[in-house]
Structures are given as C-alpha cells and as structure tokens.
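What follows is a set of notes on a single structure, which appears directly below.
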Amino acid sequence: MIYQNLSFEQRLHNAIGAQEIEQVKAWHAYTHGMGYSKEEWDAIWYRGEDVTWAHFFGRMVGWDEVWYGSVVNPEEGYYERYCSHILNYKGASYFDARSVGCTALHCLASGVIEVAEDGMTGRSCYLTPGTMMARMSPNKRRNGGFLWERYGSDFAYDTEDGKWYYFHEHVCPDIGSEYGTKNWAMEMYDQAVTGRSPFGPPPEEAEGPGGPGEGPGVPEGGEGHGGAPGGFRPKKPKGTMGGPPCTDPGPLHNNASMTQTVQNTVPWPEPYKTLDDQNSYAPGHNDITKRYSALKSIVKGGVRL
Amino acid sequence: MADANRTLTQEEQVWRLWDKEEIKDLLNRFAYYTANNDRRRAITELWVAGDENRSTASLGYNNGYYTGLDNIIAHYVVDAEARGFEALSAYSGVAQTEDNLGYGCSFVHTMNTPYIEVAGNGRTAKYIGYDCGLSCIGSPDGSSDSNFTFAKVYADLIQEDGVWKIWHLLIAYDHIIPAGISYGDLDPEAPWGADSVERACGDPTVRDVAYDALYGWVDVWERLPRPYYSFDNAKAYTADGKPACYKIGLYK
C-alpha cells in the first residue's frame with residue numbers, strides 16, 4: 001500500500017506539504033481576486049518547461065507561455081477597467097489601479113489533497129463556488145454574479161527553498177449567472193434553443209472571457225464599448241477558441257447546458273507514488289526536473305516570503 | 001533575531017501543523033455558533049478570557065470597531081438578542097421566550113478559503129477567510145428580508161493556556177445581495193446602513209472606515225497575512241492597524 005513504508009520524517013514532510021498546498025491555493029484566490037497577477041504568478045508558480053495552465057479553451061505549456069497568457073494578457077483588462085472607474089467614480093483614482101473595484105473570489109471548497117509517496121509533488125482537486133461581483137462597473141451598475149468551477153492542480157516541491165509551487169492547473173468552468181433575479185435554468189434553455197454558447201465564441205465574434213484573469217469581454221480594433229476611452233486597441237494574439245495562445249488547444253471542458261452530461265475532467269486525486277501520466281492534470285508534461293535557472297522572483301518585495 | 005531565523009524542530013513542526021488546523025476549527029466554530037445564535041457560548045468558548053486580552057479585544061465591521069470584550073458582548077450578544085425579540089414580537093401566537101428567538105429566521109455563515117500564518121514565536125496567528133452566507137428574516141405575512149451576504153473575515157488569534165482564541169475579528173462585507181431583486185438596480189454608492197445586515201452591525205465604539213466596499217479590495221494586499229515573528233499592533237485587524245489605503249486623501 002502506498003505510504004505504508006514512509007518514515008516519520010517523510011510523513012511529516014507530506015503532511016506539511018498538504019497544508020502548504022492549501023495555503024498556495026488560497027494565496028492564488030486572494031491575489032487573483034485583487035488583480036495582482038504579477039505578484040500571484042511570481043510568488044507561487046514553478047519555473048519550468050512542463051508548467052501548464054489550462055482552461056476550456058486550451059492548455060498553455062511552459063513558463064513563458066503561461067506567464068504571457070496569465071499575466072501579460074489579462075492585465076490590460078485591469079487597467080482598462082481602471083480608466084472606466086476613474087471616469088465614473090470620483091474616489092477611484094486614489095487607489096491601486098489593479099485592485100480598485102475588485103471583489104471577486106474563486107472561493108475554495110471541498111478540497112481533496114494527496115502528496116506523492118516520493119514527497120516531490122502534490123495534487124489537489126477543489127470545487128470553487130466563485131463570487132463574481134463588483135459594486136463598480138463601466139455601466140455604473142452593481143454586478144452580483146456567481147461562477148462555479150472545478151480546479152485540478154498539481155504542485156512541485158522545490159528542494160532548494162523548501163517551498164511548494166503550482167506546477168499544473170486545470171480550470172473547468174461549469175456554470176455562471178447572477179444572484180437576484182436571473183433564471184439561469186431558463187438561460188440555459190434559451191442558449192440550447194438559439195445555439196449561442198455561453199463561453200468561448202469563435203475569435204471572429206465578440207471576445208469571450210479574457211483568459212485566466214478576470215478579463216471583462218471587450219471588443220478589439222477600435223473605440224467604443226469597452227475600449228480604452230478615446231483609444232485604439234491593437235489586436236492581440238489569440239488561441240483557436242478565444243483566450244490566449246495555447247500549445248494544446250481546446251476544448252478541454254464544456255459548460256453546463258441542457259444536454260451536457262456529467263464530466264469528470266479533473267478527477268480528484270488518489271494516493272500515488274510519483275507524478276506521471278496516470279497521476280497528473282497535464283499528461284505528457286510531468287518532468288519537474290526541466291526547470292529554468294532564471295531569476296526565481298521577478299517581483300521584488302511584497303511577495304510570499 | 002536568532003530565534004526568528006531558527007529552524008523548527010520536528011516536534012515544533014508538528015505543533016505548527018496542529019495550530020493551523022485548530023485555528024481553522026476555531027473560525028469554523030464561530031461561523032456555526034453565530035448561525036445557531038449561540039452567541040454567549042461563542043464569547044465564552046471562542047474569544048479571549050484573560051484580563052489584558054479582554055481589554056484589547058476588537059470586533060470590527062466596515063463602519064468601525066467594537067473595542068474591549070464588554071463592548072463586543074453588548075453588541076454581539078445583548079443587541080442581537082434585542083433585535084431577535086423585536087422580530088419575534090411580530091408573531092403574536094408564539095411565546096416570547098429566548099428559546100423561540102430566530103423564529104422565521106435563517107442565518108448561515110460559511111468560512112472558506114482560509115489562509116493562515118502562525119507567528120514565529122508561536123503565540124499569535126493571523127487569518128483570512130471568506131464568508132458566503134445568508135441572512136433571512138421572515139414575517140408572519142409571508143414576506144421576508146432575505147439576503148445573500150459575502151464578507152472577508154480577518155482575525156488575529158492568540159493562545160491562552162495553550163488554546164487558540166479569537167482576539168481581533170474584522171468582518172468586511174463586500175456585498176449584500178437581496179434575493180428576488182436585481183443587484184444592478186441598487187445604488188452602487190449607497191451609504192452604509194442601506195440594508196438590515198448593515199444596520200445589524202450597529203454603532204461601533206470606534207467609528208471608522210475599516211473597509212469601503214465600493215472601492216473593493218484595495219486593502220487586501222496590506223492585510224493579507226504574511227510570515228512574521230511576533231505580534232505587531234500596527235498590523236493588527238483593529239483600529240490601530242488601519243491600512244495605508246484608508247489614510248490617504250479620500251478619507252482624511
């Protein structure tokens with residue numbers, strides 16, 4: 001049986017690892033919620049060629065692709081939102097451009113965590129009943145939305161600094177609507193009848209979710225709704241299903257619908273010996289030794305110590 | 001400083017593991033006790049008891065802080081009981097007793113997404129969690145004042161006789177969304193006190209902007225727990241630990 005022959009020291013290491021994985025997940029939730037992409041990704045992600053981040057639209061592979069898609073790509077949306085806020089709310093300009101107006105949280109619930117027998121990796125699966133809300137918005141109305149997703153995550157232990165880092169993440173959005181008066185069941189029925197998909201329209205149509213950041217959907221290539229006030233937005237590289245470019249294109253998960261059957265895209269982890277294709281949320285990308293020797297931290301100060 | 005950089009022994013590592021699990025339990029119990037209206041029990045079992053800690057205890061909301069455990073009890077227990085009896089008085093056929101407090105009401109609090117740092121000296125800890133809840137007050141005519149509530153919960157914990165206790169608590173409401181009403185129809189800049197949940201936070205001992213929900217999470221980067229060695233009052237979840245973002249021009 002797995003774990004049976006572990007020494008006390010190994011069990012302690014793994015127990016601490018499981019708790020640290022909870023901490024890393026929570027750090028992600030709060031820093032993502034406040035729009036601090038650089039600080040989030042810099043503090044808690046492994047640097048390596050097999051690092052991946054996946055959503056319904058595809059899987060980004062390698063640290064550079066993940067950094068571009070998760071930090072550079074969505075940050076534009078945060079500043080665009082800030083431009084809107086300072087026009088609509090007189091006090092907004094006193095505050096941090098990225099976090100002002102943010103109150104969304106991908107809450108973490110029902111976590112299942114396993115640390116490998118070899119102590120070098122860990123895996124977690126969470127349900128996230130997310131709160132996608134804001135009191136400030138470009139149309140000066142409150143937004144009271146929810147977004148329920150699932151997370152399948154793999155983590156790597158860094159023997160150099162004794163910390164645990166994200167290695168793989170697979171986000172599976174299931175359903176989103178609004179608290180208050182929305183009839184989300186009727187919405188799904190209408191979508192089934194009209195054929196409109198709630199997530200990820202083709203790139204030539206209106207832009208969908210802005211990648212792994214909160215990214216409000218905005219049109220490109222001109223002024224108008226959502227564009228920077230009085231400004232022109234250049235076209236950004238996109239993946240085949242919208243969102244940032246991905247080495248492994250989607251679809252990797254489907255939204256809830258009237259006809260969608262149960263999906264087990266990110267099964268909860270079982271006890272395991274080592275990260276491999278049978279125990280991974282990114283099969284084929286499991287080599288934690290393929291790591292970069294580049295700067296461990298890009299953002300100095302203020303990150304997780 | 002040598003202590004601050006010391007590597008923990010294995011036994012100490014085990015205690016740190018245990019500490020974090022105990023702290024999660026503590027805040028989760030607080031959520032249950034509050035939802036069950038077991039408020040006196042929450043104070044007795046979960047909050048600080050020592051004289052010095054009682055005098056420096058704090059319970060904060062968006063609009064300020066109740067300081068000292070006596071003021072916390074007056075608000076969290078006594079005032080809440082008074083509101084409960086006021087709501088109960090609408091039910092003329094129901095005995096107006098403590099056992100029936102909460103008749104027609106439902107309050108739910110959850111604590112999710114915990115992030116905890118235990119001090120290097122092991123005596124205190126800092127916590128952030130998120131409370132997705134419900135606040136429902138029914139009336140005999142079938143109407144109700146029902147809301148989805150969403151709040152960040154910050155806490156300073158301290159050990160008393162080897163048991164973790166709540167010392168400072170800050171419940172920072174992000175959103176209170178009425179059921180059956182489009183949230184978008186509410187005034188985004190409505191002043192504090194616009195709904196029953198906010199009014200239930202009362203008039204704190206120290207009135208202050210502890211959290212301004214309109215501008216969102218501009219406070220979280222400063223307030224997020226970080227590794228630390230010993231308790232620092234300037235970073236406490238109290239009126240003394242006001243983050244810099246609320247000291248600038250808008251709030252001067």
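Please note that chains go A, B, ... in the order of the structure tokens, that every chain numbers its residues from 1, and that ligands are numbered from 1 in the order shown.
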Discussion item. Please identify all residues of chain A having at least one atom at most 6 Å from any atom of chain B, considering only C-alpha atoms, and return them as a PyMOL selection string.
Written reply: chain A and resi 23+26+34+99-103+107-108+135+141-144+180-181
Write to file, as a PDB file, in the first residue's frame, the residues of the selection just made, with N, CA, C and O atoms.
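Contents of out_20.pdb, freshly written:
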ATOM      1  N   GLN A  23      -2.483  26.465   1.418  1.00  0.00           N
ATOM      2  CA  GLN A  23      -2.069  27.858   1.518  1.00  0.00           C
ATOM      3  C   GLN A  23      -1.821  28.451   0.122  1.00  0.00           C
ATOM      4  O   GLN A  23      -2.212  29.586  -0.169  1.00  0.00           O
ATOM      5  N   ALA A  26      -5.021  29.189  -1.578  1.00  0.00           N
ATOM      6  CA  ALA A  26      -5.673  30.373  -1.012  1.00  0.00           C
ATOM      7  C   ALA A  26      -4.948  31.652  -1.442  1.00  0.00           C
ATOM      8  O   ALA A  26      -5.582  32.666  -1.744  1.00  0.00           O
ATOM      9  N   MET A  34      -7.709  40.293  -6.328  1.00  0.00           N
ATOM     10  CA  MET A  34      -7.378  41.714  -6.263  1.00  0.00           C
ATOM     11  C   MET A  34      -6.641  42.174  -7.516  1.00  0.00           C
ATOM     12  O   MET A  34      -6.220  43.323  -7.599  1.00  0.00           O
ATOM     13  N   SER A  99      -6.480  46.847  -8.271  1.00  0.00           N
ATOM     14  CA  SER A  99      -7.403  46.249  -7.303  1.00  0.00           C
ATOM     15  C   SER A  99      -8.651  47.079  -7.041  1.00  0.00           C
ATOM     16  O   SER A  99      -9.623  46.542  -6.517  1.00  0.00           O
ATOM     17  N   VAL A 100      -8.651  48.354  -7.430  1.00  0.00           N
ATOM     18  CA  VAL A 100      -9.841  49.160  -7.140  1.00  0.00           C
ATOM     19  C   VAL A 100     -11.045  48.583  -7.862  1.00  0.00           C
ATOM     20  O   VAL A 100     -11.011  48.289  -9.054  1.00  0.00           O
ATOM     21  N   GLY A 101     -12.116  48.380  -7.112  1.00  0.00           N
ATOM     22  CA  GLY A 101     -13.338  47.817  -7.680  1.00  0.00           C
ATOM     23  C   GLY A 101     -13.408  46.301  -7.653  1.00  0.00           C
ATOM     24  O   GLY A 101     -14.463  45.735  -7.903  1.00  0.00           O
ATOM     25  N   CYS A 102     -12.298  45.635  -7.365  1.00  0.00           N
ATOM     26  CA  CYS A 102     -12.295  44.166  -7.353  1.00  0.00           C
ATOM     27  C   CYS A 102     -12.900  43.636  -6.064  1.00  0.00           C
ATOM     28  O   CYS A 102     -12.535  44.090  -4.986  1.00  0.00           O
ATOM     29  N   THR A 103     -13.805  42.699  -6.197  1.00  0.00           N
ATOM     30  CA  THR A 103     -14.290  41.986  -5.013  1.00  0.00           C
ATOM     31  C   THR A 103     -14.627  40.546  -5.352  1.00  0.00           C
ATOM     32  O   THR A 103     -15.362  39.891  -4.641  1.00  0.00           O
ATOM     33  N   CYS A 107     -13.797  31.164  -4.486  1.00  0.00           N
ATOM     34  CA  CYS A 107     -13.775  30.508  -3.174  1.00  0.00           C
ATOM     35  C   CYS A 107     -13.349  29.052  -3.317  1.00  0.00           C
ATOM     36  O   CYS A 107     -13.628  28.414  -4.332  1.00  0.00           O
ATOM     37  N   LEU A 108     -12.727  28.551  -2.284  1.00  0.00           N
ATOM     38  CA  LEU A 108     -12.236  27.171  -2.318  1.00  0.00           C
ATOM     39  C   LEU A 108     -13.030  26.307  -1.353  1.00  0.00           C
ATOM     40  O   LEU A 108     -13.144  26.641  -0.164  1.00  0.00           O
ATOM     41  N   ARG A 135     -19.141  46.290  -7.123  1.00  0.00           N
ATOM     42  CA  ARG A 135     -20.025  47.423  -6.941  1.00  0.00           C
ATOM     43  C   ARG A 135     -19.784  48.488  -8.001  1.00  0.00           C
ATOM     44  O   ARG A 135     -20.648  49.313  -8.265  1.00  0.00           O
ATOM     45  N   ARG A 141     -23.407  50.069 -12.757  1.00  0.00           N
ATOM     46  CA  ARG A 141     -24.351  49.195 -12.061  1.00  0.00           C
ATOM     47  C   ARG A 141     -23.577  48.145 -11.273  1.00  0.00           C
ATOM     48  O   ARG A 141     -22.490  47.725 -11.655  1.00  0.00           O
ATOM     49  N   ARG A 142     -24.174  47.724 -10.151  1.00  0.00           N
ATOM     50  CA  ARG A 142     -23.563  46.632  -9.390  1.00  0.00           C
ATOM     51  C   ARG A 142     -23.709  45.330 -10.168  1.00  0.00           C
ATOM     52  O   ARG A 142     -24.692  45.126 -10.887  1.00  0.00           O
ATOM     53  N   ASN A 143     -22.740  44.460 -10.009  1.00  0.00           N
ATOM     54  CA  ASN A 143     -22.808  43.130 -10.610  1.00  0.00           C
ATOM     55  C   ASN A 143     -22.802  42.087  -9.500  1.00  0.00           C
ATOM     56  O   ASN A 143     -21.925  42.104  -8.647  1.00  0.00           O
ATOM     57  N   GLY A 144     -23.792  41.201  -9.531  1.00  0.00           N
ATOM     58  CA  GLY A 144     -23.865  40.174  -8.489  1.00  0.00           C
ATOM     59  C   GLY A 144     -23.853  38.791  -9.094  1.00  0.00           C
ATOM     60  O   GLY A 144     -24.844  38.072  -9.024  1.00  0.00           O
ATOM     61  N   GLY A 180     -29.987  37.120  -7.404  1.00  0.00           N
ATOM     62  CA  GLY A 180     -31.019  38.152  -7.513  1.00  0.00           C
ATOM     63  C   GLY A 180     -32.217  37.658  -8.290  1.00  0.00           C
ATOM     64  O   GLY A 180     -33.102  37.008  -7.745  1.00  0.00           O
ATOM     65  N   THR A 181     -32.244  37.955  -9.582  1.00  0.00           N
ATOM     66  CA  THR A 181     -33.452  37.657 -10.345  1.00  0.00           C
ATOM     67  C   THR A 181     -33.204  36.797 -11.579  1.00  0.00           C
ATOM     68  O   THR A 181     -34.133  36.475 -12.300  1.00  0.00           O
TER      69      THR A 181
END
Discussion item. From a backbone DSSP assignment, name each residue in region 69-185 of chain A labelled strand (DSSP E or B), as number ranges by chain.
Written reply: A: 105, 109-115, 121-134, 143-158, 163-178
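Of the listed residues B:Leu8, B:Ala155, B:Ala194, B:Leu88, the one whose atoms come nearest to Thr124 (chain B) is B:Ala155, with distances taken using only C-alpha atoms.
Distances from B:Ala31, B:Ala49, B:Leu134, B:Val78 to Val163 (chain B) were compared using only C-alpha atoms, and the smallest one belongs to B:Ala49.
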